[in-house]
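**Student:** Pasting query20.cif here (mmCIF, C-alpha atoms (C1' of nucleotides)):
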data_start
loop_
_atom_site.label_atom_id
_atom_site.label_comp_id
_atom_site.auth_asym_id
_atom_site.auth_seq_id
_atom_site.Cartn_x
_atom_site.Cartn_y
_atom_site.Cartn_z
CA MET A 1 -1.07 -29.58 16.78
CA ILE A 2 -2.04 -26.59 14.72
CA LYS A 3 -0.64 -23.13 15.44
CA ILE A 4 -2.64 -20.11 14.25
CA ALA A 5 -1.54 -16.48 14.58
CA THR A 6 -2.66 -12.96 13.82
CA PHE A 7 -0.70 -9.76 13.21
CA ASN A 8 -1.67 -6.24 12.22
CA ALA A 9 1.38 -5.33 10.12
CA ASN A 10 0.60 -1.65 9.49
CA SER A 11 2.06 -2.13 5.98
CA ILE A 12 3.32 -5.57 4.96
CA ARG A 13 6.06 -3.97 2.87
CA SER A 14 7.42 -2.00 5.83
CA ARG A 15 7.25 -5.11 8.01
CA LEU A 16 8.72 -7.61 5.53
CA GLU A 17 11.77 -8.58 7.58
CA ILE A 18 9.74 -8.81 10.79
CA VAL A 19 7.15 -11.08 9.15
CA LYS A 20 9.73 -13.23 7.37
CA ASP A 21 11.81 -13.65 10.54
CA TRP A 22 8.78 -14.44 12.63
CA LEU A 23 7.50 -17.04 10.17
CA SER A 24 10.85 -18.79 9.96
CA ASN A 25 11.45 -18.70 13.72
CA ASN A 26 7.94 -19.71 14.79
CA ARG A 27 6.59 -21.75 11.87
CA PRO A 28 2.88 -21.17 12.48
CA ASP A 29 0.55 -23.22 10.31
CA VAL A 30 -1.52 -20.14 9.62
CA LEU A 31 -0.77 -16.41 9.94
CA CYS A 32 -3.54 -13.87 9.41
CA VAL A 33 -2.26 -10.37 8.59
CA GLN A 34 -4.24 -7.14 8.61
CA GLU A 35 -3.48 -3.65 7.32
CA THR A 36 -1.22 -4.88 4.55
CA LYS A 37 -1.72 -1.47 2.87
CA VAL A 38 -0.86 -2.78 -0.58
CA GLN A 39 -2.73 -3.32 -3.83
CA ASP A 40 -2.84 -6.93 -5.00
CA LYS A 41 -0.59 -6.22 -7.98
CA ASP A 42 2.11 -4.92 -5.63
CA PHE A 43 1.86 -7.62 -2.93
CA PRO A 44 5.44 -8.78 -2.19
CA LEU A 45 4.82 -12.43 -3.15
CA ASP A 46 8.40 -12.90 -4.34
CA GLU A 47 9.68 -12.17 -0.84
CA PHE A 48 7.87 -15.28 0.41
CA ALA A 49 8.77 -17.60 -2.46
CA GLY A 50 10.43 -20.65 -0.94
CA SER A 51 9.15 -19.82 2.54
CA GLY A 52 6.82 -22.80 2.47
CA TYR A 53 3.74 -20.60 2.76
CA ASP A 54 0.86 -20.16 0.35
CA ILE A 55 -0.67 -16.70 0.59
CA VAL A 56 -4.11 -15.39 -0.28
CA PHE A 57 -4.76 -11.66 -0.05
CA ARG A 58 -6.95 -8.73 -0.92
CA GLY A 59 -5.77 -5.17 -0.62
CA GLN A 60 -6.18 -1.62 -1.82
CA LYS A 61 -4.06 1.47 -2.09
CA SER A 62 -2.93 3.04 1.21
CA TYR A 63 -5.47 1.55 3.59
CA ASN A 64 -6.74 -1.76 4.94
CA GLY A 65 -5.82 -5.05 3.24
CA VAL A 66 -5.74 -8.61 4.61
CA ALA A 67 -3.60 -11.66 3.85
CA THR A 68 -3.67 -15.24 5.09
CA PHE A 69 -0.46 -17.29 5.06
CA SER A 70 -0.68 -21.08 5.28
CA ARG A 71 1.86 -23.88 5.15
CA LEU A 72 -0.99 -26.42 4.98
CA PRO A 73 -3.14 -26.75 1.85
CA ILE A 74 -5.79 -24.02 1.53
CA GLU A 75 -8.96 -25.96 0.83
CA GLU A 76 -11.31 -23.02 0.25
CA VAL A 77 -11.01 -19.24 -0.11
CA GLU A 78 -13.72 -16.59 0.12
CA TYR A 79 -13.05 -12.86 -0.08
CA GLY A 80 -15.21 -10.17 1.45
CA LEU A 81 -18.56 -10.11 3.17
CA ASP A 82 -21.48 -11.49 1.18
CA ASP A 83 -23.63 -8.36 1.07
CA GLU A 84 -22.76 -4.89 -0.18
CA PRO A 85 -20.30 -3.36 0.26
CA LYS A 86 -18.29 -6.57 0.26
CA ASP A 87 -15.26 -4.86 1.75
CA GLU A 88 -12.80 -7.43 0.39
CA PRO A 89 -9.73 -5.69 1.91
CA ARG A 90 -11.14 -6.46 5.38
CA ILE A 91 -12.06 -10.17 5.43
CA ILE A 92 -10.82 -13.44 4.01
CA ARG A 93 -12.21 -16.83 4.90
CA THR A 94 -10.02 -19.84 4.27
CA LYS A 95 -10.58 -23.49 5.09
CA ILE A 96 -7.41 -25.19 6.27
CA LYS A 97 -7.22 -28.68 7.80
CA GLY A 98 -11.01 -28.61 7.94
CA ILE A 99 -10.99 -25.42 10.04
CA ASN A 100 -12.69 -22.28 8.78
CA ILE A 101 -10.25 -19.44 9.40
CA VAL A 102 -11.93 -16.04 9.23
CA ASN A 103 -9.34 -13.25 9.12
CA THR A 104 -10.89 -9.85 9.76
CA TYR A 105 -9.80 -6.24 9.96
CA VAL A 106 -12.85 -4.66 11.57
CA PRO A 107 -13.33 -0.95 10.72
CA GLN A 108 -11.80 1.30 13.36
CA GLY A 109 -14.65 3.80 13.36
CA ASN A 110 -12.81 7.15 13.42
CA SER A 111 -15.02 9.03 15.90
CA PRO A 112 -18.30 8.18 17.64
CA GLU A 113 -20.15 10.91 15.73
CA SER A 114 -18.94 9.80 12.31
CA ASP A 115 -20.64 7.73 9.64
CA LYS A 116 -17.61 5.46 9.88
CA PHE A 117 -18.60 4.56 13.43
CA GLN A 118 -22.09 3.55 12.30
CA TYR A 119 -20.46 1.55 9.52
CA LYS A 120 -18.31 -0.22 12.11
CA LEU A 121 -21.35 -1.19 14.20
CA GLN A 122 -23.13 -2.46 11.09
CA TRP A 123 -20.03 -4.39 10.10
CA TYR A 124 -20.21 -6.52 13.26
CA ALA A 125 -23.90 -7.19 12.59
CA ARG A 126 -23.17 -8.18 9.01
CA LEU A 127 -20.38 -10.46 10.20
CA LYS A 128 -22.70 -12.21 12.64
CA ARG A 129 -25.09 -12.97 9.77
CA TYR A 130 -22.12 -14.16 7.71
CA PHE A 131 -21.23 -16.70 10.41
CA ALA A 132 -24.81 -17.78 10.98
CA LYS A 133 -25.36 -18.31 7.25
CA ARG A 134 -22.28 -20.48 6.75
CA PHE A 135 -21.71 -22.43 9.92
CA THR A 136 -23.22 -24.05 12.95
CA THR A 137 -21.52 -23.90 16.33
CA ASP A 138 -20.61 -27.58 15.87
CA ASP A 139 -18.31 -26.58 13.00
CA MET A 140 -14.64 -25.81 13.49
CA VAL A 141 -14.49 -22.02 13.10
CA ALA A 142 -11.72 -19.63 14.14
CA TRP A 143 -12.36 -15.89 13.93
CA LEU A 144 -9.24 -13.84 14.39
CA GLY A 145 -7.74 -10.50 13.59
CA ASP A 146 -7.79 -6.85 14.54
CA MET A 147 -11.30 -6.42 15.96
CA ASN A 148 -10.82 -2.78 17.01
CA VAL A 149 -12.53 -3.41 20.34
CA ALA A 150 -11.16 -3.75 23.85
CA PRO A 151 -13.99 -5.76 25.40
CA THR A 152 -13.55 -5.05 29.15
CA ASP A 153 -11.87 -2.66 31.57
CA ILE A 154 -8.82 -4.90 31.99
CA ASP A 155 -8.23 -4.77 28.23
CA VAL A 156 -7.03 -1.14 28.31
CA HIS A 157 -4.44 0.59 30.45
CA ASN A 158 -6.71 3.42 31.59
CA PRO A 159 -10.41 2.58 31.29
CA ALA A 160 -11.64 5.79 32.89
CA ALA A 161 -9.70 8.01 30.50
CA LEU A 162 -10.37 5.90 27.41
CA LEU A 163 -14.10 5.40 27.93
CA GLY A 164 -15.81 6.86 24.89
CA HIS A 165 -13.12 5.91 22.38
CA VAL A 166 -14.46 4.15 19.26
CA CYS A 167 -12.78 0.94 20.44
CA PHE A 168 -13.93 1.30 24.05
CA ARG A 169 -17.54 2.35 24.47
CA PRO A 170 -20.88 0.57 25.08
CA GLU A 171 -22.14 0.41 21.48
CA VAL A 172 -18.96 -1.38 20.39
CA TRP A 173 -18.94 -3.71 23.37
CA GLU A 174 -22.54 -4.65 22.60
CA ALA A 175 -21.94 -5.12 18.87
CA PHE A 176 -18.90 -7.31 19.51
CA ALA A 177 -20.68 -9.27 22.25
CA ASP A 178 -23.55 -9.90 19.87
CA VAL A 179 -21.25 -11.53 17.33
CA LYS A 180 -19.62 -13.52 20.12
CA SER A 181 -23.03 -14.65 21.34
CA TRP A 182 -23.52 -16.58 18.13
CA GLY A 183 -21.14 -19.14 19.62
CA PHE A 184 -17.60 -17.89 20.09
CA THR A 185 -15.15 -18.40 22.93
CA ASP A 186 -12.42 -15.81 23.54
CA ILE A 187 -9.42 -18.14 23.56
CA LEU A 188 -7.07 -15.81 25.44
CA ARG A 189 -9.60 -15.39 28.25
CA LYS A 190 -10.16 -19.15 28.38
CA HIS A 191 -6.52 -19.51 29.43
CA TYR A 192 -6.03 -16.19 31.25
CA PRO A 193 -9.37 -14.96 32.63
CA GLU A 194 -7.99 -11.91 34.42
CA GLU A 195 -4.44 -11.22 33.25
CA ILE A 196 -3.41 -7.90 31.79
CA ILE A 197 -2.35 -8.81 28.25
CA TYR A 198 -2.16 -6.26 25.46
CA THR A 199 -1.73 -6.64 21.69
CA PHE A 200 -1.47 -2.97 20.64
CA TRP A 201 0.42 0.10 21.82
CA ASP A 202 -0.03 3.49 20.18
CA TYR A 203 3.12 4.81 18.51
CA ARG A 204 2.62 8.13 20.26
CA GLY A 205 3.87 9.10 23.69
CA GLY A 206 6.13 6.12 24.39
CA SER A 207 3.14 3.93 25.17
CA TYR A 208 4.96 0.67 24.50
CA HIS A 209 7.79 1.58 26.86
CA ASN A 210 5.25 2.51 29.52
CA ASN A 211 2.98 -0.46 28.72
CA ARG A 212 -0.01 1.74 27.98
CA GLY A 213 -1.56 -0.86 25.72
CA TRP A 214 -4.84 -2.22 24.50
CA ARG A 215 -6.14 -5.74 23.79
CA ILE A 216 -7.90 -5.22 20.47
CA ASP A 217 -6.64 -8.24 18.50
CA HIS A 218 -8.53 -11.41 19.27
CA ILE A 219 -8.76 -15.12 18.55
CA LEU A 220 -12.22 -16.61 19.02
CA THR A 221 -13.46 -20.07 18.14
CA THR A 222 -16.52 -22.26 18.20
CA PRO A 223 -16.83 -24.76 21.12
CA PRO A 224 -15.34 -27.85 19.43
CA LEU A 225 -12.20 -25.91 18.58
CA ALA A 226 -12.08 -24.10 21.95
CA ALA A 227 -12.09 -27.52 23.61
CA LYS A 228 -8.89 -28.33 21.71
CA SER A 229 -7.12 -25.08 22.65
CA ILE A 230 -3.88 -25.75 24.51
CA LYS A 231 -1.97 -22.45 24.42
CA CYS A 232 -2.60 -18.78 23.69
CA TYR A 233 -0.04 -16.01 23.96
CA VAL A 234 1.27 -12.70 22.71
CA ASP A 235 4.77 -12.74 21.21
CA LYS A 236 6.36 -9.35 21.70
CA THR A 237 9.85 -10.25 20.44
CA PRO A 238 9.30 -8.46 17.09
CA ARG A 239 8.72 -5.25 19.06
CA GLU A 240 12.42 -5.28 19.87
CA GLN A 241 13.36 -5.20 16.16
CA GLU A 242 13.77 -2.09 14.05
CA LYS A 243 10.56 -0.31 13.00
CA PRO A 244 8.01 -2.54 14.71
CA SER A 245 4.30 -2.47 13.98
CA ASP A 246 2.11 -0.93 16.69
CA HIS A 247 0.59 -4.41 17.13
CA THR A 248 2.20 -7.71 18.19
CA PHE A 249 1.94 -11.25 16.98
CA PHE A 250 -0.81 -13.12 18.79
CA VAL A 251 -0.88 -16.91 18.73
CA ALA A 252 -3.12 -19.84 19.62
CA GLU A 253 -2.31 -23.55 19.50
CA PHE A 254 -4.83 -26.36 19.21
CA ASP A 255 -4.48 -30.09 19.76
CA ILE A 256 -5.78 -31.06 16.34
"C1'" DA B 1 -0.29 15.99 29.56
"C1'" DT B 2 -6.39 16.88 24.34
"C1'" DG B 3 -0.29 15.95 22.71
"C1'" DG B 4 2.21 12.50 20.71
"C1'" DT B 5 4.09 9.00 15.90
"C1'" DC B 6 3.71 6.17 12.31
"C1'" DG B 7 2.68 4.55 6.87
"C1'" DG B 8 1.29 5.78 2.48
"C1'" DC B 9 1.96 9.02 -0.59
"C1'" DA B 10 2.84 13.23 -2.17
"C1'" DA B 11 -1.46 17.00 0.93
"C1'" DC B 12 -3.17 15.25 4.40
"C1'" DC B 13 -5.94 10.91 5.97
"C1'" DG B 14 -6.28 7.04 8.92
"C1'" DA B 15 -4.98 4.83 13.11
#
What does this structure look like when you write it as structure tokens?

**Tutor:**
Amino acid sequence: MIKIATFNANSIRSRLEIVKDWLSNNRPDVLCVQETKVQDKDFPLDEFAGSGYDIVFRGQKSYNGVATFSRLPIEEVEYGLDDEPKDEPRIIRTKIKGINIVNTYVPQGNSPESDKFQYKLQWYARLKRYFAKRFTTDDMVAWLGDMNVAPTDIDVHNPAALLGHVCFRPEVWEAFADVKSWGFTDILRKHYPEEIIYTFWDYRGGSYHNNRGWRIDHILTTPPLAAKSIKCYVDKTPREQEKPSDHTFFVAEFDI
DNA sequence: ATGGTCGGCAACCGA
């Protein structure tokens, strides 16, 4: 069995105790973290010394940043996209136990009228080419992270009101679906085709308490890995700790 | 309810 998880930390340094506790209590083989919000020279490596995890990361000041934790040997590492701008603080590929683990923090997009939104749409297209260039759909590939898209109406608490948001509008659905069409299965939906399951709740307005959430973190895999998927779930227990992230831990287990 | 709350960082931007 291999257990793979993803978590948008919204600052790894502010979420140190939550991450350390979760790793020691759950012992995933791989944890992909987004929004570490720390420069590489300041990454809190010492805090994880003796944890049993190797960590690869790329960050920048204030914004973005990704890290991949593994307690199995990391066989390969690749930072960034392969065209310009490489955007290293948003994507790390590792190969672990023969599985390509692609940890992404997809740009949020700010507002539909902004250049950042166009950049987001292009980012999905660039990512699709990245997959197509490296892998075939017979390879073991897991794509996970904060995708900044809620793909269907049941993935947000109020689709009518939220329609038009940069994470919930047709251009984003199409861009995400186009990457998926290369050969990915949405592992949560394989197990729970119609359940209301969220991974993110805005800090504002008591949305967690009222369960006004979004499903914007995803775990997708190629068919040979999807066939081995045995469990997929959101772990909300860290939300009950002090100063939680606005996202939860999201986990998939495979019979490998 | 067109507001609300975080984190980083040092004024506001990003989410």

**Student:** Per residue of chain B within 7 Å of chain A, what are the shortest atom pair and its distance in Å to one decimal, counting only C-alpha atoms (C1' of nucleotides), with rows by chain and residue number, as a tab-separated table?

**Tutor:**
residue	atom	partner	partner_atom	distance
B:DG4	C1'	A:Arg204	CA	4.4
B:DT5	C1'	A:Arg204	CA	4.7
B:DC6	C1'	A:Tyr203	CA	6.4
B:DG7	C1'	A:Ser11	CA	6.8
B:DG8	C1'	A:Ser62	CA	5.2

**Student:** Quick one: residues within 12 Å of Cys232 of chain A, all atoms listed in the file, excluding same-chain residues fewer than 5 positions away - as a PDB file with C-alpha atoms, keeping the file's coordinate frame?

**Tutor:**
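Once written, around25.pdb looks like this:
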ATOM      1  CA  ILE A   2      -2.040 -26.590  14.720  1.00  0.00           C
ATOM      2  CA  LYS A   3      -0.640 -23.130  15.440  1.00  0.00           C
ATOM      3  CA  ILE A   4      -2.640 -20.110  14.250  1.00  0.00           C
ATOM      4  CA  ALA A   5      -1.540 -16.480  14.580  1.00  0.00           C
ATOM      5  CA  THR A   6      -2.660 -12.960  13.820  1.00  0.00           C
ATOM      6  CA  ASP A 186     -12.420 -15.810  23.540  1.00  0.00           C
ATOM      7  CA  ILE A 187      -9.420 -18.140  23.560  1.00  0.00           C
ATOM      8  CA  LEU A 188      -7.070 -15.810  25.440  1.00  0.00           C
ATOM      9  CA  ARG A 189      -9.600 -15.390  28.250  1.00  0.00           C
ATOM     10  CA  LYS A 190     -10.160 -19.150  28.380  1.00  0.00           C
ATOM     11  CA  HIS A 191      -6.520 -19.510  29.430  1.00  0.00           C
ATOM     12  CA  TYR A 192      -6.030 -16.190  31.250  1.00  0.00           C
ATOM     13  CA  PRO A 193      -9.370 -14.960  32.630  1.00  0.00           C
ATOM     14  CA  ILE A 197      -2.350  -8.810  28.250  1.00  0.00           C
ATOM     15  CA  HIS A 218      -8.530 -11.410  19.270  1.00  0.00           C
ATOM     16  CA  ILE A 219      -8.760 -15.120  18.550  1.00  0.00           C
ATOM     17  CA  LEU A 220     -12.220 -16.610  19.020  1.00  0.00           C
ATOM     18  CA  ALA A 226     -12.080 -24.100  21.950  1.00  0.00           C
ATOM     19  CA  PHE A 249       1.940 -11.250  16.980  1.00  0.00           C
ATOM     20  CA  PHE A 250      -0.810 -13.120  18.790  1.00  0.00           C
ATOM     21  CA  VAL A 251      -0.880 -16.910  18.730  1.00  0.00           C
ATOM     22  CA  ALA A 252      -3.120 -19.840  19.620  1.00  0.00           C
ATOM     23  CA  GLU A 253      -2.310 -23.550  19.500  1.00  0.00           C
ATOM     24  CA  PHE A 254      -4.830 -26.360  19.210  1.00  0.00           C
TER      25      PHE A 254
END

**Student:** Quick one: of A:Pro44, A:Trp214, A:Ser181, A:Lys228, who's nearest to Leu162 of chain A, counting all atoms listed in the file?

**Tutor:**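 Using all atoms listed in the file, the shortest distance to Leu162 of chain A belongs to A:Trp214.
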
**Student:** Using the chain letters and residue numbers of this document, give as a ChimeraX atom specification the residues selected by the PyMOL selection byres ((chain A and resi 92) around 6).

**Tutor:** /A:78-79,91,93,102-103

**Student:** Just how far from atom CA of Arg15 of chain A is atom C1' of DA10 of chain B, in Å to one decimal?

**Tutor:** 21.4 Å

**Student:** Can you measure atom CA of Glu242 of chain A to atom CA of Trp201 of chain A for me? One decimal in Å is fine.

**Tutor:**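 Separating atom CA of Glu242 of chain A from atom CA of Trp201 of chain A is a distance of 15.6 Å.
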
**Student:** Work out how far apart atom CA of Pro112 of chain A and atom CA of His165 of chain A are and give it in Å to one decimal.

**Tutor:** 7.4 Å

**Student:** Give the answer as one residue: which of A:Gly65, A:Pro244, A:Pro85, A:Pro223 has the shortest atom-to-atom distance to Phe200 of chain A, using all atoms listed in the file?

**Tutor:**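 The closest residue to Phe200 of chain A is A:Pro244.
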